[in-house]
file structure.cif (mmCIF, C-alpha atoms)
data_model
loop_
_atom_site.label_atom_id
_atom_site.label_comp_id
_atom_site.auth_asym_id
_atom_site.auth_seq_id
_atom_site.Cartn_x
_atom_site.Cartn_y
_atom_site.Cartn_z
CA MET R 65 71.07 164.44 100.02
CA ALA R 66 72.88 167.59 98.77
CA LEU R 67 69.88 169.94 98.73
CA ILE R 68 71.47 173.36 98.18
CA LEU R 69 70.01 176.85 98.04
CA ASN R 70 71.97 178.97 95.53
CA LEU R 71 71.93 182.78 95.73
CA GLU R 72 73.15 185.09 92.93
CA THR R 73 73.08 188.84 93.58
CA ALA R 74 76.42 190.04 92.16
CA THR R 75 74.86 191.97 89.26
CA THR R 76 71.47 193.32 88.18
CA ASN R 77 70.02 189.79 88.19
CA CYS R 78 68.51 188.75 91.52
CA SER R 79 68.46 184.97 91.18
CA VAL R 80 67.62 182.09 93.54
CA CYS R 81 67.84 178.41 92.69
CA LEU R 82 67.16 175.29 94.74
CA SER R 83 69.17 172.31 93.52
CA LEU R 84 69.29 168.65 94.41
CA LYS R 85 72.50 166.76 93.62
CA GLY R 86 73.45 169.47 91.13
CA GLU R 87 70.09 169.53 89.31
CA VAL R 88 67.73 172.50 89.41
CA VAL R 89 64.55 171.88 91.40
CA SER R 90 63.10 175.40 91.33
CA ILE R 91 64.32 178.83 90.30
CA ARG R 92 63.22 182.45 90.58
CA GLU R 93 65.03 185.44 89.10
CA ASN R 94 64.47 188.96 87.89
CA ASN R 95 67.00 191.02 85.96
CA THR R 96 66.33 194.72 86.51
CA PRO R 97 68.67 197.72 86.50
CA ASN R 98 67.04 198.93 89.72
CA TYR R 99 69.00 196.45 91.88
CA SER R 100 65.92 195.59 93.97
CA HIS R 101 67.66 192.60 95.55
CA ALA R 102 66.84 193.66 99.11
CA GLU R 103 63.11 193.48 98.32
CA GLN R 104 63.18 190.40 96.08
CA LEU R 105 65.76 187.98 97.49
CA HIS R 106 63.85 186.59 100.47
CA VAL R 107 60.60 186.50 98.48
CA PHE R 108 62.33 184.40 95.81
CA ILE R 109 63.79 182.08 98.47
CA LYS R 110 60.34 181.44 99.92
CA GLU R 111 58.80 180.89 96.49
CA CYS R 112 61.49 178.39 95.52
CA MET R 113 61.06 176.43 98.73
CA ASP R 114 57.26 176.47 98.51
CA GLU R 115 57.31 175.27 94.89
CA SER R 116 59.75 172.46 95.65
CA GLY R 117 57.85 171.00 98.58
CA PHE R 118 60.99 171.02 100.71
CA SER R 119 61.35 172.98 103.93
CA MET R 120 64.25 175.17 105.00
CA THR R 121 65.31 172.55 107.53
CA ASP R 122 65.85 170.09 104.66
CA LEU R 123 68.68 172.20 103.25
CA ASP R 124 72.18 170.75 103.38
CA ALA R 125 74.07 173.92 102.41
CA ILE R 126 73.76 177.50 101.20
CA ALA R 127 75.76 178.64 98.17
CA VAL R 128 76.38 182.27 97.30
CA SER R 129 77.98 184.04 94.35
CA LYS R 130 81.08 185.64 95.87
CA GLY R 131 81.98 188.22 93.22
CA PRO R 132 83.34 190.30 91.75
CA GLY R 133 80.35 192.46 91.05
CA SER R 134 78.14 195.11 92.60
CA TYR R 135 79.26 196.05 96.11
CA THR R 136 75.70 196.41 97.38
CA GLY R 137 74.45 193.32 95.58
CA LEU R 138 77.24 191.17 96.97
CA ARG R 139 76.64 192.45 100.51
CA ILE R 140 72.94 191.58 100.30
CA GLY R 141 73.57 188.06 98.99
CA VAL R 142 76.37 187.20 101.39
CA SER R 143 74.55 188.62 104.40
CA ALA R 144 71.47 186.54 103.56
CA ALA R 145 73.56 183.41 102.98
CA LYS R 146 75.48 183.77 106.25
CA GLY R 147 72.29 184.43 108.18
CA LEU R 148 70.70 181.26 106.81
CA CYS R 149 73.82 179.21 107.54
CA PHE R 150 73.86 180.35 111.16
CA ALA R 151 70.11 179.81 111.61
CA LEU R 152 70.03 176.37 109.97
CA ASP R 153 73.52 175.23 111.06
CA VAL R 154 74.52 174.30 107.52
CA PRO R 155 77.78 174.99 105.64
CA LEU R 156 78.44 177.94 103.33
CA ILE R 157 79.69 177.42 99.76
CA SER R 158 81.07 180.28 97.67
CA ILE R 159 80.99 180.30 93.88
CA ALA R 160 83.15 182.57 91.72
CA THR R 161 80.75 184.80 89.80
CA LEU R 162 82.81 184.84 86.61
CA LYS R 163 83.21 181.05 86.54
CA SER R 164 79.47 180.62 86.96
CA LEU R 165 78.86 183.10 84.13
CA ALA R 166 81.40 181.37 81.88
CA SER R 167 79.66 178.02 82.35
CA GLN R 168 76.58 179.33 80.49
CA LEU R 169 78.37 178.89 77.18
CA LYS R 170 79.58 175.62 75.67
CA ILE R 171 82.52 176.32 73.37
CA ALA R 172 84.63 174.30 70.95
CA GLU R 173 87.98 172.79 71.87
CA GLY R 174 90.69 175.43 71.48
CA ASP R 175 88.33 178.37 71.99
CA PHE R 176 88.32 180.66 75.02
CA VAL R 177 85.40 182.09 76.97
CA ILE R 178 86.05 185.36 78.75
CA PRO R 179 83.30 186.42 81.18
CA VAL R 180 83.34 190.20 81.56
CA LEU R 181 81.38 192.33 84.01
CA ASP R 182 81.13 196.07 83.48
CA ALA R 183 83.03 198.15 86.03
CA ARG R 184 83.62 201.88 86.13
CA ARG R 185 84.36 203.85 82.96
CA MET R 186 86.37 201.72 80.49
CA GLU R 187 87.09 199.01 83.04
CA VAL R 188 85.82 195.44 83.30
CA TYR R 189 86.20 192.50 85.65
CA SER R 190 87.31 189.48 83.66
CA SER R 191 88.88 186.03 83.75
CA VAL R 192 89.72 183.53 81.01
CA PHE R 193 88.53 179.91 80.71
CA ASP R 194 89.09 177.13 78.19
CA ALA R 195 86.49 174.73 76.78
CA HIS R 196 86.70 172.58 79.94
CA LEU R 197 86.01 175.55 82.24
CA LYS R 198 89.61 175.48 83.41
CA GLU R 199 90.76 178.94 84.47
CA ILE R 200 93.57 180.04 82.16
CA ARG R 201 93.95 183.51 83.65
CA GLY R 202 92.73 184.68 87.03
CA THR R 203 90.26 187.45 87.75
CA GLN R 204 91.43 190.99 87.04
CA ALA R 205 90.05 194.49 86.93
CA GLN R 206 91.41 195.93 83.71
CA ILE R 207 91.02 198.99 81.52
CA ILE R 208 89.99 198.04 77.99
CA GLY R 209 92.17 199.17 75.09
CA GLU R 210 92.95 198.08 71.55
CA SER R 211 95.60 195.62 72.78
CA SER R 212 93.35 193.92 75.35
CA PHE R 213 93.07 190.10 75.11
CA GLN R 214 95.22 189.96 71.97
CA GLU R 215 97.17 186.94 73.24
CA TYR R 216 93.93 184.92 73.13
CA LEU R 217 92.53 186.44 69.93
CA LYS R 218 95.62 185.75 67.79
CA GLY R 219 94.72 182.22 66.76
CA SER R 220 91.55 181.26 68.61
CA LYS R 221 87.88 182.11 68.75
CA VAL R 222 87.17 184.15 71.88
CA HIS R 223 83.68 184.45 73.37
CA PHE R 224 83.11 187.56 75.50
CA LEU R 225 80.20 186.94 77.83
CA GLY R 226 78.48 189.46 80.10
CA SER R 227 77.73 193.13 80.66
CA GLY R 228 81.26 194.24 79.76
CA ALA R 229 81.09 192.68 76.30
CA GLU R 230 79.55 195.75 74.66
CA LYS R 231 82.37 197.92 75.96
CA ILE R 232 84.91 195.50 74.46
CA LYS R 233 83.04 195.27 71.16
CA ASP R 234 83.20 199.05 70.78
CA THR R 235 87.00 198.98 71.33
CA LEU R 236 88.29 195.83 69.64
CA THR R 237 88.02 194.91 65.97
CA ASN R 238 88.85 191.25 65.55
CA SER R 239 87.05 188.60 63.53
CA ASN R 240 87.86 185.97 66.18
CA ALA R 241 85.77 187.78 68.79
CA GLU R 242 82.13 186.95 69.54
CA TYR R 243 80.01 188.89 72.01
CA TYR R 244 77.13 187.97 74.32
CA ALA R 245 76.43 191.23 76.12
CA GLU R 246 72.96 190.19 77.28
CA ALA R 247 74.28 187.36 79.49
CA VAL R 248 74.03 187.82 83.27
CA PRO R 249 75.15 185.54 86.12
CA SER R 250 72.34 183.24 87.27
CA ALA R 251 71.85 180.87 90.17
CA LYS R 252 70.96 178.20 87.61
CA GLU R 253 74.62 177.69 86.67
CA MET R 254 75.61 177.65 90.34
CA ALA R 255 73.79 174.33 90.86
CA SER R 256 76.44 172.01 89.41
CA LEU R 257 79.32 174.11 90.77
CA SER R 258 77.97 174.16 94.33
CA PHE R 259 77.26 170.42 94.21
CA GLU R 260 80.86 169.75 93.18
CA LYS R 261 82.14 171.81 96.11
CA PHE R 262 79.67 170.12 98.46
CA THR R 263 80.92 166.64 97.55
CA LYS R 264 84.47 167.80 98.29
CA THR R 265 83.39 169.50 101.57
CA ASN R 266 84.90 172.71 100.21
CA PHE R 267 83.19 175.09 102.62
CA GLU R 268 83.79 178.64 103.83
CA ASN R 269 84.19 179.88 107.38
CA VAL R 270 80.76 181.42 107.90
CA ALA R 271 81.94 183.90 110.53
CA TYR R 272 84.82 185.34 108.51
CA PHE R 273 83.77 184.96 104.88
CA GLU R 274 83.61 188.19 102.87
CA PRO R 275 82.65 188.82 99.23
CA TYR R 276 85.37 189.15 96.61
CA TYR R 277 85.09 192.84 95.79
CA LEU R 278 88.36 192.98 93.79
CA LYS R 279 88.38 196.77 94.15
CA ASP R 280 87.68 199.05 97.08
CA PHE R 281 84.20 200.51 97.29
CA LEU R 282 84.34 204.19 96.38
CA ILE R 283 82.03 206.69 98.03
CA THR R 284 81.59 209.91 96.09
CA GLN R 285 80.43 213.08 97.75
CA LYS R 286 78.07 215.52 96.06
CA ARG R 287 79.74 218.74 95.11
CA SER R 288 78.45 221.85 96.79
#
call {"tool": "encode", "arguments": {"input": "structure.cif", "output": "structure tokens"}}
result
Amino acid sequence: MALILNLETATTNCSVCLSLKGEVVSIRENNTPNYSHAEQLHVFIKECMDESGFSMTDLDAIAVSKGPGSYTGLRIGVSAAKGLCFALDVPLISIATLKSLASQLKIAEGDFVIPVLDARRMEVYSSVFDAHLKEIRGTQAQIIGESSFQEYLKGSKVHFLGSGAEKIKDTLTNSNAEYYAEAVPSAKEMASLSFEKFTKTNFENVAYFEPYYLKDFLITQKRS
């Protein structure tokens, strides 16, 4: 039946979507800078299931946004997803956060979409996709400078999508660049991506799966 529960907690947006054969059945999300995912995630799951009329035992898989993104947000989402997989004995599907974000925007042939998530200081997490959502360049953590992304901006329209877009806009001056800084990853876009992986039985090992942090989590100590 391909009834999949999709969880997105990689950024400030706590988002839950129930999908059937790649189509959204119900969705709940709240984008807040407070990162209240721990309080909201399971409430949103229950609300989605109640609205749909399905029960948890009807689920065929759990999909989770794997990162990169917030360390704490990713831990909350993956822990919830793994717990549900173990309890319901269903497979786990992981979705690349940046690919899901990139899929929000339909672009013209020859253009590029570059999803960018804000990291520390002048750094962003980014990857590069073409109009068919084919990954042209893999995910990187990179420091933004005047020469960033010039190989794509030379002769093509480039769409920067996500929380790192404002940082890039303040650094680059190029008429080929367009910015969508308000965009956040959502479970809505995970629906078609998780269904595609489900049909190919592209599942994760529930016991050993870990989020894609990209960089080590840094703990800073308060100065005395």
call {"tool": "closest_residue", "arguments": {"input": "structure.cif", "among": "R:Gln206, R:Asn70, R:Ser143, R:Ser256", "to": "Ala271 (chain R)", "atoms": "only C-alpha atoms"}}
result
R:Ser143
call {"tool": "resolve_selection", "arguments": {"input": "structure.cif", "expression": "the PyMOL selection byres ((chain R and resi 258) around 8)", "output": "compact mmCIF listing (two decimals) with C-alpha atoms, in the frame of the given file"}}
result
# COMPACT_ATOMS: atom_id res chain seq x y z
CA ILE R 68 71.47 173.36 98.18
CA ASN R 70 71.97 178.97 95.53
CA GLY R 86 73.45 169.47 91.13
CA ALA R 127 75.76 178.64 98.17
CA ILE R 157 79.69 177.42 99.76
CA SER R 158 81.07 180.28 97.67
CA ILE R 159 80.99 180.30 93.88
CA MET R 254 75.61 177.65 90.34
CA ALA R 255 73.79 174.33 90.86
CA SER R 256 76.44 172.01 89.41
CA LEU R 257 79.32 174.11 90.77
CA PHE R 259 77.26 170.42 94.21
CA GLU R 260 80.86 169.75 93.18
CA LYS R 261 82.14 171.81 96.11
CA PHE R 262 79.67 170.12 98.46
call {"tool": "resolve_selection", "arguments": {"input": "structure.cif", "expression": "the PyMOL selection byres ((chain R and resi 224) around 10)", "output": "PyMOL selection string"}}
result
chain R and resi 166+176-181+190+192+221-223+225-230+232-233+241-245+247
call {"tool": "residues_around", "arguments": {"input": "structure.cif", "residues": "region 71-77 of chain R", "least_positions_apart": "3", "cutoff": "7 Å", "atoms": "only C-alpha atoms", "output": "ChimeraX atom specification"}}
result
/R:80-81,93-97,99,101,127-129,131-134,137-138,141,248-251
call {"tool": "resolve_selection", "arguments": {"input": "structure.cif", "expression": "the PyMOL selection byres ((chain R and resi 272) around 12)", "output": "list in words"}}
result
Val142, Ser143, Lys146, Leu156, Phe267, Glu268, Asn269, Val270, Ala271, Phe273, Glu274 and Pro275 of chain R
call {"tool": "atom_distance", "arguments": {"input": "structure.cif", "atom1": "CA of Thr265 (chain R)", "atom2": "CA of Ala66 (chain R)"}}
result
11.0 Å
call {"tool": "atom_distance", "arguments": {"input": "structure.cif", "atom1": "CA of Ala102 (chain R)", "atom2": "CA of Ser116 (chain R)"}}
result
22.6 Å
call {"tool": "closest_residue", "arguments": {"input": "structure.cif", "among": "R:Asp175, R:Gln104, R:Asn238, R:Ile207", "to": "Val188 (chain R)", "atoms": "all atoms listed in the file"}}
result
R:Ile207
